[in-house]
>>> print(open('input-v4.pdb').read())   # PDB, C-alpha atoms
MODEL        1
ATOM      1  CA  MET A  10     -39.040  20.480 170.509
ATOM      2  CA  LEU A  11     -36.460  18.985 168.209
ATOM      3  CA  ALA A  12     -35.427  15.364 168.574
ATOM      4  CA  LYS A  13     -32.000  15.110 170.142
ATOM      5  CA  GLU A  14     -30.306  13.850 166.974
ATOM      6  CA  LEU A  15     -31.759  16.680 164.881
ATOM      7  CA  ASP A  16     -30.783  19.196 167.511
ATOM      8  CA  GLN A  17     -27.178  17.992 167.364
ATOM      9  CA  ALA A  18     -27.106  17.980 163.563
ATOM     10  CA  PHE A  19     -28.491  21.521 163.487
ATOM     11  CA  LYS A  20     -25.962  22.647 166.088
ATOM     12  CA  ASN A  21     -23.122  21.215 164.011
ATOM     13  CA  LEU A  22     -24.295  22.775 160.772
ATOM     14  CA  THR A  23     -25.021  26.200 162.213
ATOM     15  CA  THR A  24     -21.661  26.492 163.954
ATOM     16  CA  ASN A  25     -19.185  24.675 161.692
ATOM     17  CA  GLN A  26     -19.805  26.527 158.444
ATOM     18  CA  GLU A  27     -17.883  29.714 157.689
ATOM     19  CA  TRP A  28     -20.652  31.316 155.685
ATOM     20  CA  ILE A  29     -24.396  31.172 155.292
ATOM     21  CA  CYS A  30     -26.636  31.768 152.309
ATOM     22  CA  LEU A  31     -29.073  34.465 153.361
ATOM     23  CA  SER A  32     -32.113  34.753 151.108
ATOM     24  CA  SER A  33     -34.754  37.432 150.877
ATOM     25  CA  VAL A  34     -37.432  38.286 148.336
ATOM     26  CA  ASN A  35     -37.038  41.483 146.325
ATOM     27  CA  ALA A  36     -39.734  43.921 145.176
ATOM     28  CA  SER A  37     -40.215  41.912 141.963
ATOM     29  CA  GLY A  38     -40.877  38.750 143.957
ATOM     30  CA  MET A  39     -37.507  37.321 142.992
ATOM     31  CA  PRO A  40     -35.521  35.351 145.575
ATOM     32  CA  GLU A  41     -32.126  36.924 146.223
ATOM     33  CA  THR A  42     -29.310  35.064 147.920
ATOM     34  CA  ARG A  43     -25.932  36.202 149.158
ATOM     35  CA  ALA A  44     -23.191  34.673 151.275
ATOM     36  CA  MET A  45     -22.869  36.112 154.772
ATOM     37  CA  ILE A  46     -20.192  35.395 157.325
ATOM     38  CA  ASN A  47     -21.382  32.978 160.002
ATOM     39  CA  LEU A  48     -21.283  34.845 163.305
ATOM     40  CA  ALA A  49     -22.083  31.598 165.144
ATOM     41  CA  ASN A  50     -18.791  29.997 164.097
ATOM     42  CA  PRO A  51     -16.687  29.868 167.284
ATOM     43  CA  LYS A  52     -13.395  29.839 165.392
ATOM     44  CA  LEU A  53     -14.265  33.050 163.594
ATOM     45  CA  PHE A  54     -16.140  34.824 166.404
ATOM     46  CA  PRO A  55     -15.153  33.435 169.803
ATOM     47  CA  THR A  56     -16.612  36.435 171.644
ATOM     48  CA  LEU A  57     -20.121  35.874 170.263
ATOM     49  CA  GLN A  58     -20.750  32.339 171.469
ATOM     50  CA  LYS A  59     -23.098  33.335 174.274
ATOM     51  CA  PHE A  60     -25.649  34.551 171.740
ATOM     52  CA  PHE A  61     -25.877  31.133 170.151
ATOM     53  CA  ALA A  62     -26.177  28.995 173.270
ATOM     54  CA  ASP A  63     -29.914  28.382 172.889
ATOM     55  CA  GLY A  64     -31.928  27.810 169.761
ATOM     56  CA  PHE A  65     -31.007  28.541 166.193
ATOM     57  CA  ALA A  66     -31.537  32.248 165.694
ATOM     58  CA  ALA A  67     -29.057  33.557 163.126
ATOM     59  CA  TYR A  68     -27.485  36.983 163.338
ATOM     60  CA  PHE A  69     -26.045  39.048 160.523
ATOM     61  CA  SER A  70     -24.293  42.372 160.389
ATOM     62  CA  THR A  71     -24.882  44.431 157.291
ATOM     63  CA  ASN A  72     -24.843  47.928 155.850
ATOM     64  CA  THR A  73     -28.036  49.841 156.555
ATOM     65  CA  SER A  74     -27.711  51.272 153.047
ATOM     66  CA  SER A  75     -27.578  47.856 151.352
ATOM     67  CA  GLU A  76     -30.200  46.569 148.938
ATOM     68  CA  LYS A  77     -30.825  43.592 151.183
ATOM     69  CA  MET A  78     -31.975  45.995 153.901
ATOM     70  CA  GLN A  79     -34.447  47.593 151.506
ATOM     71  CA  GLN A  80     -35.759  44.133 150.721
ATOM     72  CA  LEU A  81     -35.956  42.965 154.308
ATOM     73  CA  THR A  82     -37.609  46.160 155.474
ATOM     74  CA  ALA A  83     -40.295  45.754 152.814
ATOM     75  CA  ASN A  84     -40.605  41.986 153.301
ATOM     76  CA  SER A  85     -39.187  40.385 156.407
ATOM     77  CA  LYS A  86     -39.547  36.800 155.162
ATOM     78  CA  ALA A  87     -36.064  35.356 154.972
ATOM     79  CA  SER A  88     -34.132  32.147 155.171
ATOM     80  CA  ALA A  89     -30.667  31.037 156.178
ATOM     81  CA  TYR A  90     -29.133  28.041 154.458
ATOM     82  CA  TYR A  91     -26.189  26.083 155.810
ATOM     83  CA  TYR A  92     -24.500  23.520 153.610
ATOM     84  CA  ASN A  93     -21.747  21.042 154.358
ATOM     85  CA  ALA A  94     -20.224  20.131 150.993
ATOM     86  CA  GLY A  95     -18.363  17.226 152.592
ATOM     87  CA  THR A  96     -21.397  15.396 153.937
ATOM     88  CA  PHE A  97     -24.029  16.893 151.598
ATOM     89  CA  GLU A  98     -26.037  17.906 154.632
ATOM     90  CA  GLY A  99     -28.072  21.063 154.312
ATOM     91  CA  LEU A 100     -30.212  23.016 156.725
ATOM     92  CA  LEU A 101     -32.719  25.664 155.708
ATOM     93  CA  LEU A 102     -34.071  27.870 158.477
ATOM     94  CA  MET A 103     -37.057  30.019 157.521
ATOM     95  CA  GLY A 104     -38.561  32.862 159.463
ATOM     96  CA  GLU A 105     -38.822  36.585 159.882
ATOM     97  CA  MET A 106     -35.929  38.978 160.008
ATOM     98  CA  GLU A 107     -35.764  41.453 162.851
ATOM     99  CA  ILE A 108     -33.652  44.574 162.989
ATOM    100  CA  ILE A 109     -31.865  44.810 166.320
ATOM    101  CA  THR A 110     -32.078  48.353 167.629
ATOM    102  CA  ASP A 111     -30.769  47.628 171.129
ATOM    103  CA  LYS A 112     -27.507  49.565 171.360
ATOM    104  CA  ARG A 113     -25.975  47.331 173.989
ATOM    105  CA  MET A 114     -26.525  44.273 171.837
ATOM    106  CA  LYS A 115     -25.079  45.970 168.790
ATOM    107  CA  LYS A 116     -22.062  46.857 170.898
ATOM    108  CA  ASP A 117     -21.752  43.290 172.176
ATOM    109  CA  PHE A 118     -21.620  42.001 168.605
ATOM    110  CA  TRP A 119     -19.208  44.636 167.373
ATOM    111  CA  GLN A 120     -15.820  43.398 166.170
ATOM    112  CA  ASP A 121     -12.852  45.786 165.975
ATOM    113  CA  ASN A 122     -12.107  45.099 162.327
ATOM    114  CA  TRP A 123     -15.680  45.911 161.258
ATOM    115  CA  THR A 124     -14.516  49.476 160.667
ATOM    116  CA  MET A 125     -13.709  48.156 157.195
ATOM    117  CA  TYR A 126     -17.473  47.926 156.658
ATOM    118  CA  TYR A 127     -18.675  50.714 158.958
ATOM    119  CA  LYS A 128     -16.080  53.454 159.019
ATOM    120  CA  LYS A 129     -17.528  55.387 161.922
ATOM    121  CA  GLY A 130     -17.431  52.395 164.223
ATOM    122  CA  VAL A 131     -20.127  50.881 166.390
ATOM    123  CA  ASP A 132     -22.263  54.031 166.299
ATOM    124  CA  ASP A 133     -22.121  54.301 162.527
ATOM    125  CA  PRO A 134     -25.733  54.601 161.342
ATOM    126  CA  ASP A 135     -24.745  52.316 158.478
ATOM    127  CA  TYR A 136     -24.134  49.438 160.937
ATOM    128  CA  THR A 137     -27.186  47.217 161.187
ATOM    129  CA  LEU A 138     -27.525  44.030 163.188
ATOM    130  CA  LEU A 139     -30.133  41.535 162.020
ATOM    131  CA  LYS A 140     -31.682  38.536 163.739
ATOM    132  CA  LEU A 141     -33.449  35.764 161.894
ATOM    133  CA  ILE A 142     -35.857  33.967 164.175
ATOM    134  CA  PRO A 143     -36.504  30.609 162.565
ATOM    135  CA  ARG A 144     -40.073  29.352 162.575
ATOM    136  CA  SER A 145     -39.594  26.282 160.405
ATOM    137  CA  TYR A 146     -36.812  24.144 159.021
ATOM    138  CA  LYS A 147     -35.905  21.729 156.288
ATOM    139  CA  TYR A 148     -33.011  19.421 156.931
ATOM    140  CA  TYR A 149     -31.363  17.366 154.199
ATOM    141  CA  ASN A 150     -29.398  14.611 155.890
ATOM    142  CA  GLY A 151     -27.108  14.035 152.910
ATOM    143  CA  ASN A 152     -28.593  10.625 152.280
ATOM    144  CA  PHE A 153     -31.740  11.464 150.295
ATOM    145  CA  GLU A 154     -33.849  12.175 153.362
ATOM    146  CA  VAL A 155     -35.534  15.460 154.112
ATOM    147  CA  LYS A 156     -37.003  16.289 157.489
ATOM    148  CA  SER A 157     -39.080  19.387 157.887
ATOM    149  CA  GLY A 158     -41.004  20.924 160.733
ATOM    150  CA  ASP A 159     -41.751  23.954 162.853
ATOM    151  CA  PHE A 160     -39.897  25.250 165.872
TER     152      PHE A 160
ATOM    153  CA  MET B  27     -24.005  42.813 126.272
ATOM    154  CA  LEU B  28     -21.690  42.265 129.220
ATOM    155  CA  ALA B  29     -18.378  44.052 129.385
ATOM    156  CA  LYS B  30     -15.526  41.684 128.623
ATOM    157  CA  GLU B  31     -14.180  41.671 132.186
ATOM    158  CA  LEU B  32     -17.597  40.886 133.665
ATOM    159  CA  ASP B  33     -18.152  38.189 131.080
ATOM    160  CA  GLN B  34     -14.890  36.527 132.108
ATOM    161  CA  ALA B  35     -15.647  36.828 135.824
ATOM    162  CA  PHE B  36     -19.096  35.298 135.299
ATOM    163  CA  LYS B  37     -17.615  32.503 133.205
ATOM    164  CA  ASN B  38     -15.126  31.703 135.962
ATOM    165  CA  LEU B  39     -17.708  31.724 138.731
ATOM    166  CA  THR B  40     -20.305  29.693 136.860
ATOM    167  CA  THR B  41     -17.870  26.955 135.864
ATOM    168  CA  ASN B  42     -15.396  26.704 138.764
ATOM    169  CA  GLN B  43     -17.813  26.132 141.619
ATOM    170  CA  GLU B  44     -18.916  22.612 142.473
ATOM    171  CA  TRP B  45     -22.348  23.604 143.692
ATOM    172  CA  ILE B  46     -24.873  26.359 143.281
ATOM    173  CA  CYS B  47     -27.453  27.788 145.639
ATOM    174  CA  LEU B  48     -30.778  27.498 143.849
ATOM    175  CA  SER B  49     -33.517  29.639 145.359
ATOM    176  CA  SER B  50     -37.238  29.630 144.785
ATOM    177  CA  VAL B  51     -40.206  31.139 146.599
ATOM    178  CA  ASN B  52     -42.615  28.798 148.347
ATOM    179  CA  ALA B  53     -46.401  29.072 148.662
ATOM    180  CA  SER B  54     -46.004  31.111 151.868
ATOM    181  CA  GLY B  55     -43.805  33.637 150.079
ATOM    182  CA  MET B  56     -40.734  32.375 151.863
ATOM    183  CA  PRO B  57     -37.448  32.113 149.967
ATOM    184  CA  GLU B  58     -36.103  28.557 149.921
ATOM    185  CA  THR B  59     -32.521  27.741 149.041
ATOM    186  CA  ARG B  60     -30.772  24.449 148.466
ATOM    187  CA  ALA B  61     -27.381  23.414 147.124
ATOM    188  CA  MET B  62     -27.421  21.853 143.681
ATOM    189  CA  ILE B  63     -24.555  20.248 141.835
ATOM    190  CA  ASN B  64     -23.092  22.547 139.181
ATOM    191  CA  LEU B  65     -23.621  20.855 135.829
ATOM    192  CA  ALA B  66     -21.485  23.550 134.171
ATOM    193  CA  ASN B  67     -18.351  22.462 136.026
ATOM    194  CA  PRO B  68     -16.151  20.779 133.391
ATOM    195  CA  LYS B  69     -14.309  18.662 135.945
ATOM    196  CA  LEU B  70     -17.543  17.172 137.217
ATOM    197  CA  PHE B  71     -19.456  16.984 133.924
ATOM    198  CA  PRO B  72     -17.076  16.960 130.961
ATOM    199  CA  THR B  73     -19.785  15.708 128.584
ATOM    200  CA  LEU B  74     -22.055  18.689 129.208
ATOM    201  CA  GLN B  75     -19.744  21.520 128.230
ATOM    202  CA  LYS B  76     -21.431  22.219 124.900
ATOM    203  CA  PHE B  77     -24.554  23.370 126.710
ATOM    204  CA  PHE B  78     -22.643  26.086 128.511
ATOM    205  CA  ALA B  79     -20.662  27.520 125.613
ATOM    206  CA  ASP B  80     -22.850  30.611 125.238
ATOM    207  CA  GLY B  81     -24.484  32.739 127.895
ATOM    208  CA  PHE B  82     -25.146  31.874 131.492
ATOM    209  CA  ALA B  83     -28.215  29.686 131.535
ATOM    210  CA  ALA B  84     -28.025  27.248 134.455
ATOM    211  CA  TYR B  85     -29.311  23.703 134.273
ATOM    212  CA  PHE B  86     -30.396  21.492 137.131
ATOM    213  CA  SER B  87     -31.580  17.926 137.336
ATOM    214  CA  THR B  88     -34.098  17.168 140.029
ATOM    215  CA  ASN B  89     -36.826  14.815 141.122
ATOM    216  CA  THR B  90     -40.192  15.634 139.575
ATOM    217  CA  SER B  91     -41.720  14.714 142.927
ATOM    218  CA  SER B  92     -39.610  17.186 144.919
ATOM    219  CA  GLU B  93     -40.991  20.150 146.819
ATOM    220  CA  LYS B  94     -38.833  22.489 144.779
ATOM    221  CA  MET B  95     -40.722  21.354 141.666
ATOM    222  CA  GLN B  96     -44.027  22.190 143.316
ATOM    223  CA  GLN B  97     -42.663  25.629 144.119
ATOM    224  CA  LEU B  98     -41.199  26.268 140.693
ATOM    225  CA  THR B  99     -44.324  25.058 138.909
ATOM    226  CA  ALA B 100     -46.429  27.480 140.959
ATOM    227  CA  ASN B 101     -43.879  30.315 140.749
ATOM    228  CA  SER B 102     -41.131  30.163 138.177
ATOM    229  CA  LYS B 103     -39.121  33.049 139.634
ATOM    230  CA  ALA B 104     -35.786  31.647 140.699
ATOM    231  CA  SER B 105     -32.171  32.530 141.214
ATOM    232  CA  ALA B 106     -28.831  30.788 141.083
ATOM    233  CA  TYR B 107     -26.053  31.987 143.355
ATOM    234  CA  TYR B 108     -22.379  31.167 142.847
ATOM    235  CA  TYR B 109     -19.908  31.988 145.583
ATOM    236  CA  ASN B 110     -16.147  31.735 145.666
ATOM    237  CA  ALA B 111     -15.195  31.610 149.343
ATOM    238  CA  GLY B 112     -11.545  32.201 148.447
ATOM    239  CA  THR B 113     -12.029  35.511 146.646
ATOM    240  CA  PHE B 114     -15.370  36.511 148.226
ATOM    241  CA  GLU B 115     -16.793  36.933 144.750
ATOM    242  CA  GLY B 116     -20.455  36.169 144.344
ATOM    243  CA  LEU B 117     -22.770  36.065 141.368
ATOM    244  CA  LEU B 118     -26.541  36.061 141.569
ATOM    245  CA  LEU B 119     -28.417  35.214 138.396
ATOM    246  CA  MET B 120     -32.149  35.878 138.496
ATOM    247  CA  GLY B 121     -34.764  34.752 136.024
ATOM    248  CA  GLU B 122     -37.466  32.274 135.221
ATOM    249  CA  MET B 123     -37.155  28.542 135.504
ATOM    250  CA  GLU B 124     -38.182  26.420 132.557
ATOM    251  CA  ILE B 125     -38.916  22.719 132.583
ATOM    252  CA  ILE B 126     -37.143  21.006 129.715
ATOM    253  CA  THR B 127     -39.494  18.527 128.071
ATOM    254  CA  ASP B 128     -37.346  17.805 125.009
ATOM    255  CA  LYS B 129     -36.448  14.131 125.312
ATOM    256  CA  ARG B 130     -33.259  14.392 123.300
ATOM    257  CA  MET B 131     -31.956  17.139 125.534
ATOM    258  CA  LYS B 132     -32.840  15.176 128.661
ATOM    259  CA  LYS B 133     -30.959  12.245 127.181
ATOM    260  CA  ASP B 134     -27.970  14.432 126.334
ATOM    261  CA  PHE B 135     -27.748  15.579 129.947
ATOM    262  CA  TRP B 136     -28.223  12.140 131.446
ATOM    263  CA  GLN B 137     -25.312  10.725 133.451
ATOM    264  CA  ASP B 138     -25.018   6.990 134.044
ATOM    265  CA  ASN B 139     -24.824   7.268 137.828
ATOM    266  CA  TRP B 140     -28.036   9.300 138.016
ATOM    267  CA  THR B 141     -29.891   6.031 138.509
ATOM    268  CA  MET B 142     -29.164   6.695 142.183
ATOM    269  CA  TYR B 143     -31.666   9.563 141.925
ATOM    270  CA  TYR B 144     -33.947   8.231 139.171
ATOM    271  CA  LYS B 145     -34.098   4.481 139.429
ATOM    272  CA  LYS B 146     -35.801   3.853 136.111
ATOM    273  CA  GLY B 147     -33.138   5.702 134.178
ATOM    274  CA  VAL B 148     -33.426   8.468 131.614
ATOM    275  CA  ASP B 149     -37.124   7.754 130.951
ATOM    276  CA  ASP B 150     -38.026   7.798 134.638
ATOM    277  CA  PRO B 151     -40.933  10.238 134.990
ATOM    278  CA  ASP B 152     -39.281  11.399 138.188
ATOM    279  CA  TYR B 153     -36.321  12.780 136.194
ATOM    280  CA  THR B 154     -36.770  16.468 135.493
ATOM    281  CA  LEU B 155     -34.328  18.774 133.771
ATOM    282  CA  LEU B 156     -34.594  22.474 134.572
ATOM    283  CA  LYS B 157     -33.171  25.526 132.829
ATOM    284  CA  LEU B 158     -32.813  28.895 134.488
ATOM    285  CA  ILE B 159     -32.682  31.649 131.910
ATOM    286  CA  PRO B 160     -31.115  34.596 133.660
ATOM    287  CA  ARG B 161     -32.645  38.004 132.981
ATOM    288  CA  SER B 162     -30.625  40.014 135.471
ATOM    289  CA  TYR B 163     -27.532  39.707 137.614
ATOM    290  CA  LYS B 164     -25.807  41.025 140.678
ATOM    291  CA  TYR B 165     -22.088  40.562 140.886
ATOM    292  CA  TYR B 166     -20.116  41.098 144.072
ATOM    293  CA  ASN B 167     -16.477  41.509 143.105
ATOM    294  CA  GLY B 168     -15.158  40.567 146.534
ATOM    295  CA  ASN B 169     -13.901  44.070 147.145
ATOM    296  CA  PHE B 170     -17.041  45.880 148.313
ATOM    297  CA  GLU B 171     -18.328  46.594 144.824
ATOM    298  CA  VAL B 172     -21.609  45.384 143.428
ATOM    299  CA  LYS B 173     -22.470  45.526 139.744
ATOM    300  CA  SER B 174     -25.975  44.756 138.657
ATOM    301  CA  GLY B 175     -27.743  44.784 135.324
ATOM    302  CA  ASP B 176     -29.924  42.962 132.843
ATOM    303  CA  PHE B 177     -28.918  40.486 130.182
TER     304      PHE B 177
ENDMDL
END
>>> encode(input="input-v4.pdb", output="structure tokens")
Amino acid sequence: MLAKELDQAFKNLTTNQEWICLSSVNASGMPETRAMINLANPKLFPTLQKFFADGFAAYFSTNTSSEKMQQLTANSKASAYYYNAGTFEGLLLMGEMEIITDKRMKKDFWQDNWTMYYKKGVDDPDYTLLKLIPRSYKYYNGNFEVKSGDF
Amino acid sequence: MLAKELDQAFKNLTTNQEWICLSSVNASGMPETRAMINLANPKLFPTLQKFFADGFAAYFSTNTSSEKMQQLTANSKASAYYYNAGTFEGLLLMGEMEIITDKRMKKDFWQDNWTMYYKKGVDDPDYTLLKLIPRSYKYYNGNFEVKSGDF
């Protein structure tokens, strides 16, 4: 279990940032990173807070047809990186990416304006919901200290 | 060669951002990402502009003793990701990381306040200068289009 101070720092970082760097490894073994909207941010996604009450799993919505899905299907190793440019704190969560197939959960996450990404709505086969279950972390406290460990 | 409009977009992204997400792959095959200061930003590093006049090589200074150096020494595949949260543009540059051993170049990059990272100054063996030579790119134009290619 995380020490209380780490737990609070992780909670702050994973909820205050607007976007997350999601990294995967492509077929050439190259790390690929892209910014993803942070679904755990309560200002951006007030209806999703219940999914982030415990632990630090990260969720992402993406197009089933995207290259990142090809990568993650072939190699589920992935990381989520949260950075606070004001405090220089950074948190890297590393684990395996799961594809959520549960229809109720996909519906619970659905936001009305996501039709701009998935034209057919919540049942669009191009709508994929991903869950990164972190197994280990590296936390940069912004003052030259790194703490790492397993969950 | 890059089309003129892409070249300009890349130039903007690689010089306007204050920090870059540098990703490597660790010994477990997991992608690791961390924020690094953008040495190509002319407001932050006016003395370094000559090194960024041509092409899109990215430079990073880091501690020789850092975990990222262990990773990059074992596996030089790396990427640099630039994101503009205002326009949603993103640029991923993928390539191989080189360790710069040329002492003159390390001296040219040296900034006086880097003694906070490398106490012994420019000759500190813990001071490493890295160069990412991009071989391919993915550019997200912020409007649902991705362009990718090789340099």
>>> interface_residues(input="input-v4.pdb", of="chain B", to="chain A", cutoff="6 Å", atoms="all atoms listed in the file", output="VMD selection string")
chain B and resid 56 to 57 103
>>> calpha_fit_and_write(input="input-v4.pdb", fixed="chain A", moving="chain B", output="short mmCIF file (atom, residue, chain, number, x, y, z; two decimals) with C-alpha atoms, in the frame of the given file")
data_model
loop_
_atom_site.label_atom_id
_atom_site.label_comp_id
_atom_site.auth_asym_id
_atom_site.auth_seq_id
_atom_site.Cartn_x
_atom_site.Cartn_y
_atom_site.Cartn_z
CA MET B 27 -39.04 20.49 170.52
CA LEU B 28 -36.45 18.99 168.20
CA ALA B 29 -35.43 15.38 168.59
CA LYS B 30 -31.99 15.12 170.16
CA GLU B 31 -30.30 13.86 166.99
CA LEU B 32 -31.75 16.68 164.89
CA ASP B 33 -30.79 19.21 167.52
CA GLN B 34 -27.18 17.99 167.38
CA ALA B 35 -27.11 17.98 163.57
CA PHE B 36 -28.48 21.53 163.48
CA LYS B 37 -25.97 22.65 166.09
CA ASN B 38 -23.12 21.21 164.01
CA LEU B 39 -24.29 22.77 160.76
CA THR B 40 -25.03 26.19 162.21
CA THR B 41 -21.67 26.50 163.95
CA ASN B 42 -19.19 24.68 161.68
CA GLN B 43 -19.81 26.52 158.44
CA GLU B 44 -17.90 29.71 157.69
CA TRP B 45 -20.66 31.31 155.68
CA ILE B 46 -24.40 31.18 155.28
CA CYS B 47 -26.64 31.77 152.31
CA LEU B 48 -29.08 34.48 153.36
CA SER B 49 -32.11 34.76 151.11
CA SER B 50 -34.75 37.43 150.87
CA VAL B 51 -37.43 38.29 148.33
CA ASN B 52 -37.05 41.48 146.32
CA ALA B 53 -39.74 43.92 145.18
CA SER B 54 -40.21 41.91 141.96
CA GLY B 55 -40.88 38.75 143.94
CA MET B 56 -37.53 37.32 142.98
CA PRO B 57 -35.53 35.36 145.56
CA GLU B 58 -32.12 36.93 146.21
CA THR B 59 -29.31 35.06 147.91
CA ARG B 60 -25.94 36.21 149.15
CA ALA B 61 -23.20 34.67 151.27
CA MET B 62 -22.87 36.11 154.75
CA ILE B 63 -20.20 35.40 157.31
CA ASN B 64 -21.39 32.98 160.00
CA LEU B 65 -21.28 34.85 163.30
CA ALA B 66 -22.09 31.60 165.13
CA ASN B 67 -18.80 29.99 164.09
CA PRO B 68 -16.69 29.87 167.28
CA LYS B 69 -13.40 29.84 165.38
CA LEU B 70 -14.27 33.05 163.59
CA PHE B 71 -16.15 34.82 166.39
CA PRO B 72 -15.15 33.43 169.79
CA THR B 73 -16.62 36.44 171.63
CA LEU B 74 -20.12 35.87 170.27
CA GLN B 75 -20.76 32.34 171.46
CA LYS B 76 -23.11 33.33 174.27
CA PHE B 77 -25.64 34.55 171.74
CA PHE B 78 -25.87 31.13 170.15
CA ALA B 79 -26.16 28.99 173.27
CA ASP B 80 -29.90 28.38 172.88
CA GLY B 81 -31.93 27.79 169.75
CA PHE B 82 -31.00 28.54 166.19
CA ALA B 83 -31.53 32.24 165.69
CA ALA B 84 -29.06 33.56 163.11
CA TYR B 85 -27.48 36.98 163.33
CA PHE B 86 -26.04 39.05 160.52
CA SER B 87 -24.29 42.38 160.38
CA THR B 88 -24.89 44.44 157.29
CA ASN B 89 -24.84 47.92 155.86
CA THR B 90 -28.03 49.85 156.56
CA SER B 91 -27.70 51.27 153.06
CA SER B 92 -27.58 47.86 151.35
CA GLU B 93 -30.19 46.57 148.94
CA LYS B 94 -30.81 43.59 151.18
CA MET B 95 -31.97 46.00 153.90
CA GLN B 96 -34.44 47.59 151.51
CA GLN B 97 -35.76 44.13 150.71
CA LEU B 98 -35.95 42.96 154.30
CA THR B 99 -37.60 46.17 155.47
CA ALA B 100 -40.29 45.76 152.81
CA ASN B 101 -40.60 41.98 153.30
CA SER B 102 -39.19 40.39 156.41
CA LYS B 103 -39.54 36.81 155.16
CA ALA B 104 -36.07 35.36 154.97
CA SER B 105 -34.13 32.14 155.17
CA ALA B 106 -30.67 31.04 156.17
CA TYR B 107 -29.14 28.03 154.45
CA TYR B 108 -26.18 26.07 155.81
CA TYR B 109 -24.49 23.51 153.60
CA ASN B 110 -21.75 21.04 154.36
CA ALA B 111 -20.23 20.12 151.00
CA GLY B 112 -18.36 17.22 152.60
CA THR B 113 -21.40 15.39 153.95
CA PHE B 114 -24.03 16.89 151.60
CA GLU B 115 -26.04 17.91 154.64
CA GLY B 116 -28.07 21.06 154.31
CA LEU B 117 -30.21 23.03 156.72
CA LEU B 118 -32.72 25.66 155.71
CA LEU B 119 -34.08 27.87 158.47
CA MET B 120 -37.05 30.01 157.51
CA GLY B 121 -38.56 32.87 159.46
CA GLU B 122 -38.82 36.59 159.88
CA MET B 123 -35.93 38.98 160.01
CA GLU B 124 -35.77 41.46 162.84
CA ILE B 125 -33.66 44.58 163.00
CA ILE B 126 -31.87 44.80 166.32
CA THR B 127 -32.07 48.35 167.64
CA ASP B 128 -30.77 47.63 171.14
CA LYS B 129 -27.51 49.56 171.37
CA ARG B 130 -25.97 47.31 173.99
CA MET B 131 -26.53 44.26 171.85
CA LYS B 132 -25.08 45.98 168.80
CA LYS B 133 -22.06 46.86 170.91
CA ASP B 134 -21.76 43.29 172.18
CA PHE B 135 -21.63 42.00 168.61
CA TRP B 136 -19.22 44.63 167.36
CA GLN B 137 -15.82 43.40 166.16
CA ASP B 138 -12.86 45.77 165.99
CA ASN B 139 -12.11 45.10 162.32
CA TRP B 140 -15.68 45.91 161.27
CA THR B 141 -14.53 49.47 160.68
CA MET B 142 -13.71 48.16 157.21
CA TYR B 143 -17.48 47.92 156.66
CA TYR B 144 -18.68 50.72 158.97
CA LYS B 145 -16.09 53.44 159.02
CA LYS B 146 -17.52 55.38 161.94
CA GLY B 147 -17.43 52.38 164.23
CA VAL B 148 -20.12 50.86 166.41
CA ASP B 149 -22.27 54.03 166.32
CA ASP B 150 -22.12 54.30 162.54
CA PRO B 151 -25.73 54.59 161.35
CA ASP B 152 -24.74 52.32 158.49
CA TYR B 153 -24.13 49.44 160.94
CA THR B 154 -27.18 47.22 161.19
CA LEU B 155 -27.52 44.03 163.18
CA LEU B 156 -30.13 41.54 162.01
CA LYS B 157 -31.68 38.54 163.74
CA LEU B 158 -33.45 35.77 161.90
CA ILE B 159 -35.86 33.96 164.18
CA PRO B 160 -36.49 30.62 162.55
CA ARG B 161 -40.07 29.36 162.58
CA SER B 162 -39.58 26.30 160.41
CA TYR B 163 -36.80 24.14 159.02
CA LYS B 164 -35.90 21.73 156.29
CA TYR B 165 -33.01 19.42 156.93
CA TYR B 166 -31.37 17.37 154.21
CA ASN B 167 -29.40 14.61 155.89
CA GLY B 168 -27.10 14.03 152.93
CA ASN B 169 -28.58 10.62 152.29
CA PHE B 170 -31.73 11.45 150.31
CA GLU B 171 -33.86 12.17 153.36
CA VAL B 172 -35.53 15.45 154.12
CA LYS B 173 -37.01 16.29 157.51
CA SER B 174 -39.07 19.39 157.88
CA GLY B 175 -41.01 20.92 160.74
CA ASP B 176 -41.74 23.96 162.85
CA PHE B 177 -39.89 25.24 165.88
#
>>> residues_around(input="input-v4.pdb", residues="B:Thr99", least_positions_apart="3", cutoff="9 Å", atoms="all atoms listed in the file", output="list in words")
Lys94, Met95, Gln96, Ser102, Met123, Glu124 and Ile125 of chain B
>>> resolve_selection(input="input-v4.pdb", expression="the PyMOL selection byres ((chain B and resi 144) around 12)", output="ChimeraX atom specification")
/A:153 /B:87-91,136-143,145-155
>>> write_last_selection(input="input-v4.pdb", atoms="C-alpha atoms", output="compact mmCIF listing (two decimals), in the coordinates of the input")
# COMPACT_ATOMS: atom_id res chain seq x y z
CA PHE A 153 -31.74 11.46 150.29
CA SER B 87 -31.58 17.93 137.34
CA THR B 88 -34.10 17.17 140.03
CA ASN B 89 -36.83 14.82 141.12
CA THR B 90 -40.19 15.63 139.57
CA SER B 91 -41.72 14.71 142.93
CA TRP B 136 -28.22 12.14 131.45
CA GLN B 137 -25.31 10.72 133.45
CA ASP B 138 -25.02 6.99 134.04
CA ASN B 139 -24.82 7.27 137.83
CA TRP B 140 -28.04 9.30 138.02
CA THR B 141 -29.89 6.03 138.51
CA MET B 142 -29.16 6.70 142.18
CA TYR B 143 -31.67 9.56 141.93
CA LYS B 145 -34.10 4.48 139.43
CA LYS B 146 -35.80 3.85 136.11
CA GLY B 147 -33.14 5.70 134.18
CA VAL B 148 -33.43 8.47 131.61
CA ASP B 149 -37.12 7.75 130.95
CA ASP B 150 -38.03 7.80 134.64
CA PRO B 151 -40.93 10.24 134.99
CA ASP B 152 -39.28 11.40 138.19
CA TYR B 153 -36.32 12.78 136.19
CA THR B 154 -36.77 16.47 135.49
CA LEU B 155 -34.33 18.77 133.77
